[in-house]
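Below is the file upload.pdb, which contains PDB, C-alpha atoms.
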```pdb
ATOM      1  CA  MET A   1      86.760  84.147  57.941
ATOM      2  CA  LEU A   2      85.261  81.225  56.032
ATOM      3  CA  ASN A   3      83.693  81.989  52.669
ATOM      4  CA  VAL A   4      80.652  79.824  51.903
ATOM      5  CA  ALA A   5      78.891  79.402  48.540
ATOM      6  CA  LEU A   6      75.163  78.701  48.767
ATOM      7  CA  ALA A   7      72.190  78.598  46.424
ATOM      8  CA  LYS A   8      69.201  80.701  47.483
ATOM      9  CA  GLY A   9      65.886  79.064  48.292
ATOM     10  CA  ARG A  10      65.066  75.901  50.213
ATOM     11  CA  LEU A  11      68.676  74.736  50.197
ATOM     12  CA  ALA A  12      69.880  77.947  51.842
ATOM     13  CA  ASP A  13      67.056  77.727  54.404
ATOM     14  CA  SER A  14      68.003  74.155  55.302
ATOM     15  CA  CYS A  15      71.662  75.177  55.536
ATOM     16  CA  ALA A  16      70.760  78.118  57.759
ATOM     17  CA  ASP A  17      68.941  75.811  60.172
ATOM     18  CA  LEU A  18      71.915  73.444  60.293
ATOM     19  CA  PHE A  19      74.427  76.242  60.756
ATOM     20  CA  VAL A  20      72.399  77.715  63.607
ATOM     21  CA  ARG A  21      72.249  74.304  65.322
ATOM     22  CA  CYS A  22      76.043  74.247  65.028
ATOM     23  CA  GLY A  23      76.279  77.528  66.919
ATOM     24  CA  ILE A  24      76.873  79.741  63.876
ATOM     25  CA  ARG A  25      75.061  83.073  63.775
ATOM     26  CA  ALA A  26      73.514  82.322  60.398
ATOM     27  CA  GLU A  27      70.036  83.748  60.965
ATOM     28  CA  ILE A  28      70.913  86.368  58.338
ATOM     29  CA  LEU A  29      70.444  83.699  55.670
ATOM     30  CA  LYS A  30      66.697  83.771  56.298
ATOM     31  CA  GLU A  31      66.316  87.519  56.021
ATOM     32  CA  GLU A  32      64.564  88.966  52.970
ATOM     33  CA  THR A  33      67.306  90.732  51.024
ATOM     34  CA  ARG A  34      68.627  91.252  47.521
ATOM     35  CA  LYS A  35      72.211  91.230  48.751
ATOM     36  CA  LEU A  36      74.418  88.531  47.267
ATOM     37  CA  VAL A  37      77.058  88.656  50.015
ATOM     38  CA  LEU A  38      76.189  88.392  53.700
ATOM     39  CA  GLU A  39      78.415  88.212  56.777
ATOM     40  CA  THR A  40      77.647  86.881  60.231
ATOM     41  CA  PRO A  41      77.722  89.550  62.988
ATOM     42  CA  ASP A  42      80.931  88.055  64.416
ATOM     43  CA  LYS A  43      82.636  88.221  60.984
ATOM     44  CA  LYS A  44      83.520  84.517  61.108
ATOM     45  CA  PHE A  45      81.489  83.542  58.028
ATOM     46  CA  ARG A  46      80.797  85.224  54.703
ATOM     47  CA  PHE A  47      78.056  83.740  52.513
ATOM     48  CA  PHE A  48      77.839  84.100  48.731
ATOM     49  CA  PHE A  49      74.479  83.494  47.046
ATOM     50  CA  VAL A  50      75.068  81.937  43.627
ATOM     51  CA  LYS A  51      73.165  79.795  41.156
ATOM     52  CA  PRO A  52      73.096  76.122  42.211
ATOM     53  CA  THR A  53      75.166  75.071  39.194
ATOM     54  CA  ASP A  54      77.819  77.681  40.055
ATOM     55  CA  VAL A  55      78.537  76.472  43.600
ATOM     56  CA  PRO A  56      81.191  73.921  42.475
ATOM     57  CA  THR A  57      82.926  76.591  40.372
ATOM     58  CA  TYR A  58      83.183  79.093  43.229
ATOM     59  CA  VAL A  59      84.572  76.383  45.502
ATOM     60  CA  GLU A  60      86.963  74.883  42.942
ATOM     61  CA  TYR A  61      88.491  78.301  42.190
ATOM     62  CA  GLY A  62      88.843  79.153  45.879
ATOM     63  CA  ILE A  63      86.483  82.119  45.925
ATOM     64  CA  ALA A  64      84.529  80.091  48.468
ATOM     65  CA  ASP A  65      86.320  77.855  50.956
ATOM     66  CA  ILE A  66      83.312  75.588  51.307
ATOM     67  CA  GLY A  67      79.900  75.273  49.703
ATOM     68  CA  VAL A  68      76.701  73.281  49.658
ATOM     69  CA  ALA A  69      75.385  71.738  46.449
ATOM     70  CA  GLY A  70      73.211  68.839  45.368
ATOM     71  CA  LYS A  71      74.983  65.642  44.405
ATOM     72  CA  ASP A  72      73.440  65.965  40.930
ATOM     73  CA  THR A  73      75.156  69.335  40.491
ATOM     74  CA  LEU A  74      78.482  67.896  41.639
ATOM     75  CA  LEU A  75      78.222  64.921  39.298
ATOM     76  CA  GLU A  76      77.486  67.173  36.342
ATOM     77  CA  ALA A  77      80.195  69.726  37.149
ATOM     78  CA  GLY A  78      83.003  67.243  37.763
ATOM     79  CA  ALA A  79      84.836  69.995  39.642
ATOM     80  CA  ASP A  80      88.190  69.439  41.357
ATOM     81  CA  LEU A  81      87.151  69.733  44.999
ATOM     82  CA  TYR A  82      86.580  67.596  48.076
ATOM     83  CA  GLU A  83      83.128  66.231  48.865
ATOM     84  CA  MET A  84      83.161  66.279  52.643
ATOM     85  CA  LEU A  85      79.736  65.348  53.977
ATOM     86  CA  ASP A  86      76.271  64.165  52.990
ATOM     87  CA  LEU A  87      73.984  66.643  54.734
ATOM     88  CA  GLY A  88      70.949  64.417  54.357
ATOM     89  CA  PHE A  89      68.431  66.979  53.110
ATOM     90  CA  GLU A  90      66.981  67.885  49.696
ATOM     91  CA  LYS A  91      66.782  64.174  48.918
ATOM     92  CA  CYS A  92      65.683  62.942  45.510
ATOM     93  CA  ARG A  93      66.779  60.500  42.787
ATOM     94  CA  LEU A  94      68.453  60.855  39.422
ATOM     95  CA  CYS A  95      66.523  58.471  37.204
ATOM     96  CA  VAL A  96      65.862  57.246  33.706
ATOM     97  CA  ALA A  97      62.151  57.712  33.008
ATOM     98  CA  GLY A  98      59.770  57.294  30.114
ATOM     99  CA  PHE A  99      56.677  55.434  28.995
ATOM    100  CA  PRO A 100      56.248  52.202  31.006
ATOM    101  CA  GLU A 101      56.505  50.070  27.846
ATOM    102  CA  MET A 102      60.122  51.258  27.430
ATOM    103  CA  LYS A 103      61.127  49.285  30.514
ATOM    104  CA  GLY A 104      62.483  46.330  28.550
ATOM    105  CA  HIS A 105      64.079  48.384  25.781
ATOM    106  CA  LEU A 106      66.584  50.576  27.588
ATOM    107  CA  GLY A 107      69.502  48.788  25.963
ATOM    108  CA  LYS A 108      68.358  49.289  22.390
ATOM    109  CA  PRO A 109      70.874  50.815  19.917
ATOM    110  CA  ARG A 110      70.944  54.616  19.701
ATOM    111  CA  LEU A 111      68.527  55.141  22.554
ATOM    112  CA  ARG A 112      67.607  58.826  22.556
ATOM    113  CA  VAL A 113      68.001  60.341  26.018
ATOM    114  CA  ALA A 114      66.850  63.898  26.787
ATOM    115  CA  THR A 115      68.484  65.538  29.796
ATOM    116  CA  LYS A 116      70.000  68.657  31.295
ATOM    117  CA  TYR A 117      72.625  66.419  32.898
ATOM    118  CA  VAL A 118      74.552  65.920  29.677
ATOM    119  CA  ASN A 119      77.968  65.167  31.185
ATOM    120  CA  THR A 120      76.567  62.774  33.776
ATOM    121  CA  ALA A 121      74.504  60.919  31.178
ATOM    122  CA  LYS A 122      77.493  60.582  28.834
ATOM    123  CA  LYS A 123      79.646  59.165  31.634
ATOM    124  CA  LEU A 124      76.897  56.760  32.683
ATOM    125  CA  TYR A 125      76.214  55.312  29.260
ATOM    126  CA  TYR A 126      79.873  55.299  28.242
ATOM    127  CA  SER A 127      80.719  53.268  31.365
ATOM    128  CA  ARG A 128      78.101  50.741  30.276
ATOM    129  CA  GLY A 129      79.344  50.607  26.711
ATOM    130  CA  GLU A 130      75.920  51.664  25.418
ATOM    131  CA  ASP A 131      75.515  53.704  22.239
ATOM    132  CA  VAL A 132      73.018  56.487  22.952
ATOM    133  CA  GLU A 133      72.114  59.872  21.560
ATOM    134  CA  ILE A 134      72.108  62.550  24.250
ATOM    135  CA  ILE A 135      69.670  65.401  23.589
ATOM    136  CA  PRO A 136      70.389  68.500  25.755
ATOM    137  CA  LEU A 137      67.329  70.206  27.240
ATOM    138  CA  HIS A 138      66.977  72.813  29.970
ATOM    139  CA  GLY A 139      63.314  72.766  30.946
ATOM    140  CA  SER A 140      60.134  70.651  30.801
ATOM    141  CA  ILE A 141      62.246  67.544  30.256
ATOM    142  CA  GLU A 142      59.133  65.351  30.538
ATOM    143  CA  LEU A 143      57.854  66.829  27.290
ATOM    144  CA  ALA A 144      60.582  65.110  25.249
ATOM    145  CA  PRO A 145      59.125  61.562  25.171
ATOM    146  CA  LEU A 146      55.591  62.954  24.874
ATOM    147  CA  THR A 147      56.485  64.680  21.609
ATOM    148  CA  GLY A 148      58.771  61.972  20.262
ATOM    149  CA  LEU A 149      61.942  64.013  20.727
ATOM    150  CA  SER A 150      63.452  61.265  22.884
ATOM    151  CA  ASP A 151      62.817  57.689  23.957
ATOM    152  CA  VAL A 152      63.506  58.424  27.628
ATOM    153  CA  ILE A 153      64.653  61.196  29.912
ATOM    154  CA  PHE A 154      67.429  61.310  32.509
ATOM    155  CA  ASP A 155      66.353  63.664  35.261
ATOM    156  CA  ILE A 156      65.747  64.376  38.924
ATOM    157  CA  VAL A 157      62.670  62.724  40.423
ATOM    158  CA  GLN A 158      61.257  63.674  43.810
ATOM    159  CA  SER A 159      57.620  62.644  44.251
ATOM    160  CA  GLY A 160      57.163  61.443  40.675
ATOM    161  CA  GLY A 161      53.915  63.393  40.386
ATOM    162  CA  THR A 162      54.841  65.157  37.148
ATOM    163  CA  LEU A 163      55.827  61.852  35.568
ATOM    164  CA  ARG A 164      52.552  60.180  36.515
ATOM    165  CA  ALA A 165      50.512  63.151  35.339
ATOM    166  CA  ASN A 166      52.060  62.719  31.903
ATOM    167  CA  GLY A 167      51.797  58.940  31.676
ATOM    168  CA  LEU A 168      55.492  58.405  32.401
ATOM    169  CA  ALA A 169      57.222  56.249  34.995
ATOM    170  CA  VAL A 170      60.631  55.717  36.556
ATOM    171  CA  LEU A 171      62.362  52.992  34.550
ATOM    172  CA  GLU A 172      65.665  52.965  36.419
ATOM    173  CA  GLU A 173      66.967  54.656  39.563
ATOM    174  CA  VAL A 174      70.586  55.583  38.945
ATOM    175  CA  PHE A 175      71.810  57.884  41.733
ATOM    176  CA  ASP A 176      70.541  58.881  45.173
ATOM    177  CA  ILE A 177      70.786  62.657  45.440
ATOM    178  CA  SER A 178      71.060  64.927  48.471
ATOM    179  CA  ALA A 179      72.845  68.106  49.548
ATOM    180  CA  ARG A 180      76.587  67.757  50.081
ATOM    181  CA  LEU A 181      79.167  69.904  51.835
ATOM    182  CA  VAL A 182      82.184  70.476  49.594
ATOM    183  CA  ALA A 183      85.535  72.146  50.224
ATOM    184  CA  ASN A 184      88.267  73.785  48.206
ATOM    185  CA  LYS A 185      91.386  71.609  48.254
ATOM    186  CA  VAL A 186      93.750  74.431  49.239
ATOM    187  CA  SER A 187      91.363  75.860  51.833
ATOM    188  CA  LEU A 188      91.113  72.463  53.494
ATOM    189  CA  LYS A 189      94.831  72.761  54.236
ATOM    190  CA  THR A 190      95.175  76.469  54.946
ATOM    191  CA  LYS A 191      91.928  76.800  56.912
ATOM    192  CA  ALA A 192      91.794  73.334  58.446
ATOM    193  CA  ALA A 193      91.516  74.851  61.928
ATOM    194  CA  GLU A 194      88.198  76.404  60.881
ATOM    195  CA  ILE A 195      86.792  73.824  58.468
ATOM    196  CA  LEU A 196      87.446  70.588  60.361
ATOM    197  CA  PRO A 197      85.762  71.648  63.650
ATOM    198  CA  LEU A 198      82.777  72.863  61.605
ATOM    199  CA  LEU A 199      82.648  69.502  59.833
ATOM    200  CA  ALA A 200      82.687  67.643  63.154
ATOM    201  CA  GLU A 201      79.930  69.868  64.547
ATOM    202  CA  MET A 202      77.764  69.435  61.457
ATOM    203  CA  LYS A 203      78.047  65.649  61.750
ATOM    204  CA  LYS A 204      76.558  65.896  65.240
ATOM    205  CA  HIS A 205      73.512  67.846  64.109
ATOM    206  CA  ILE A 206      72.589  66.266  60.765
ATOM    207  CA  GLY A 207      69.032  64.954  60.849
ATOM    208  CA  GLU A 208      67.911  66.967  63.868
TER     209      GLU A 208
END
```
Write-out of the structure in structure tokens:
Amino acid sequence: MLNVALAKGRLADSCADLFVRCGIRAEILKEETRKLVLETPDKKFRFFFVKPTDVPTYVEYGIADIGVAGKDTLLEAGADLYEMLDLGFEKCRLCVAGFPEMKGHLGKPRLRVATKYVNTAKKLYYSRGEDVEIIPLHGSIELAPLTGLSDVIFDIVQSGGTLRANGLAVLEEVFDISARLVANKVSLKTKAAEILPLLAEMKKHIGE
């Protein structure tokens, strides 16, 4: 049996559709339930519903053999696992955003950057040799430049509607984000006979 870590919501729905196209009896993922553990009728797959940020942890520690998480989550977690496949859905961008007039001032000393992606932001700016102040936030990130808490934000952008509604704009696109299939390093060896055929089948059906 393969253990799979998933986040509930749109990501799980998209995964369910892909799994079904691959011949997996994953319709159970779309059922209304409060259960956190579900098994396919043929007992070949067990699904764990976890918070999106916890998917890398469950996979790294081998509780789940494989999992699906956004690239932003994987970048932030820095977990010791294998990123196997870009699934091509839940696409967005990880961007630096702020007032349009900040466009030419992103390299200023001690730029204040508000974000929930603290580790990713630190790695990014450290790699550039830029001295910034990272301000951790967990919600309504766009409010930070509006109130003067930060100069810019580092956050996920999909349509950009919230930014525009608040007079903000994308100043720099840093990472393209989408859902990724990840695998536990030990499981990839011990359950290769199950994981690798699934990987090959998923490649056939991505984008359908």
Point to revise | Among listed residues A:Lys8, A:Arg180, A:Lys116, A:His138, nearest A:Tyr82 (using all atoms listed in the file) | key: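 Closest to A:Tyr82 of all the choices is A:Arg180.
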Mind dumping a table of every stretch 95-133 of chain A residue within 8 Å of stretch 155-177 of chain A, with the nearest atom pair and its distance in Å to one decimal, using only C-alpha atoms, sorted by chain and rising number, as JSON lines?
```
{"residue": "A:Cys95", "atom": "CA", "partner": "A:Glu173", "partner_atom": "CA", "distance": 4.5}
{"residue": "A:Val96", "atom": "CA", "partner": "A:Glu172", "partner_atom": "CA", "distance": 5.1}
{"residue": "A:Ala97", "atom": "CA", "partner": "A:Val170", "partner_atom": "CA", "distance": 4.3}
{"residue": "A:Gly98", "atom": "CA", "partner": "A:Leu168", "partner_atom": "CA", "distance": 5.0}
{"residue": "A:Phe99", "atom": "CA", "partner": "A:Leu168", "partner_atom": "CA", "distance": 4.7}
{"residue": "A:Pro100", "atom": "CA", "partner": "A:Ala169", "partner_atom": "CA", "distance": 5.8}
{"residue": "A:Met102", "atom": "CA", "partner": "A:Leu171", "partner_atom": "CA", "distance": 7.7}
{"residue": "A:Lys103", "atom": "CA", "partner": "A:Leu171", "partner_atom": "CA", "distance": 5.6}
{"residue": "A:Thr115", "atom": "CA", "partner": "A:Asp155", "partner_atom": "CA", "distance": 6.2}
{"residue": "A:Lys116", "atom": "CA", "partner": "A:Asp155", "partner_atom": "CA", "distance": 7.3}
{"residue": "A:Tyr117", "atom": "CA", "partner": "A:Asp155", "partner_atom": "CA", "distance": 7.2}
```
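Atom CA of A:Ala79 is found 11.8 Å from atom CA of A:Gly62.
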Point to revise | Residues in the PyMOL selection byres ((chain A and resi 186-199) around 8), expressed as a PyMOL selection string | key: chain A and resi 2+22+62+65+84-85+183-185+200-203
Practice item. Extract, using all atoms listed in the file, all DNA, RNA and protein residues at most 12 Å from A:Tyr125, discarding same-chain residues fewer than 4 positions from it, and format them as a PyMOL selection string. Key: chain A and resi 96+106-107+109-113+118-121+129-134+154+174
Exercise for review: For stretch 31-42 of chain A, list every protein, DNA or RNA residue within 12 Å, evaluated using only C-alpha atoms, and leave out those in the same chain fewer than 4 positions away; present the list as number ranges by chain.
Suggested key: A: 1-9, 12-13, 16, 19-20, 23-27, 46-51, 64
**Study point:** Contacts of A:Ser14 at 10 Å (all atoms listed in the file; same-chain gap of 6+ positions) as a list in words
**Key:**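 Once the adjacent positions are removed, what remains is Leu29, Lys30, Leu87, Phe89, Glu90 and Ala179 of chain A.
In this structure, atom CA of A:Val55 sits 6.4 Å away from atom CA of A:Ala69.
Taking atom CA of A:Leu75 and atom CA of A:Ile206 as the two end points, the separation is 22.2 Å.
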Check your understanding: Looking at A:Pro52, A:Ser150, A:Ile135, A:Leu143, which one is nearest to A:Arg10, with distances taken over all atoms listed in the file?
Key -> A:Pro52
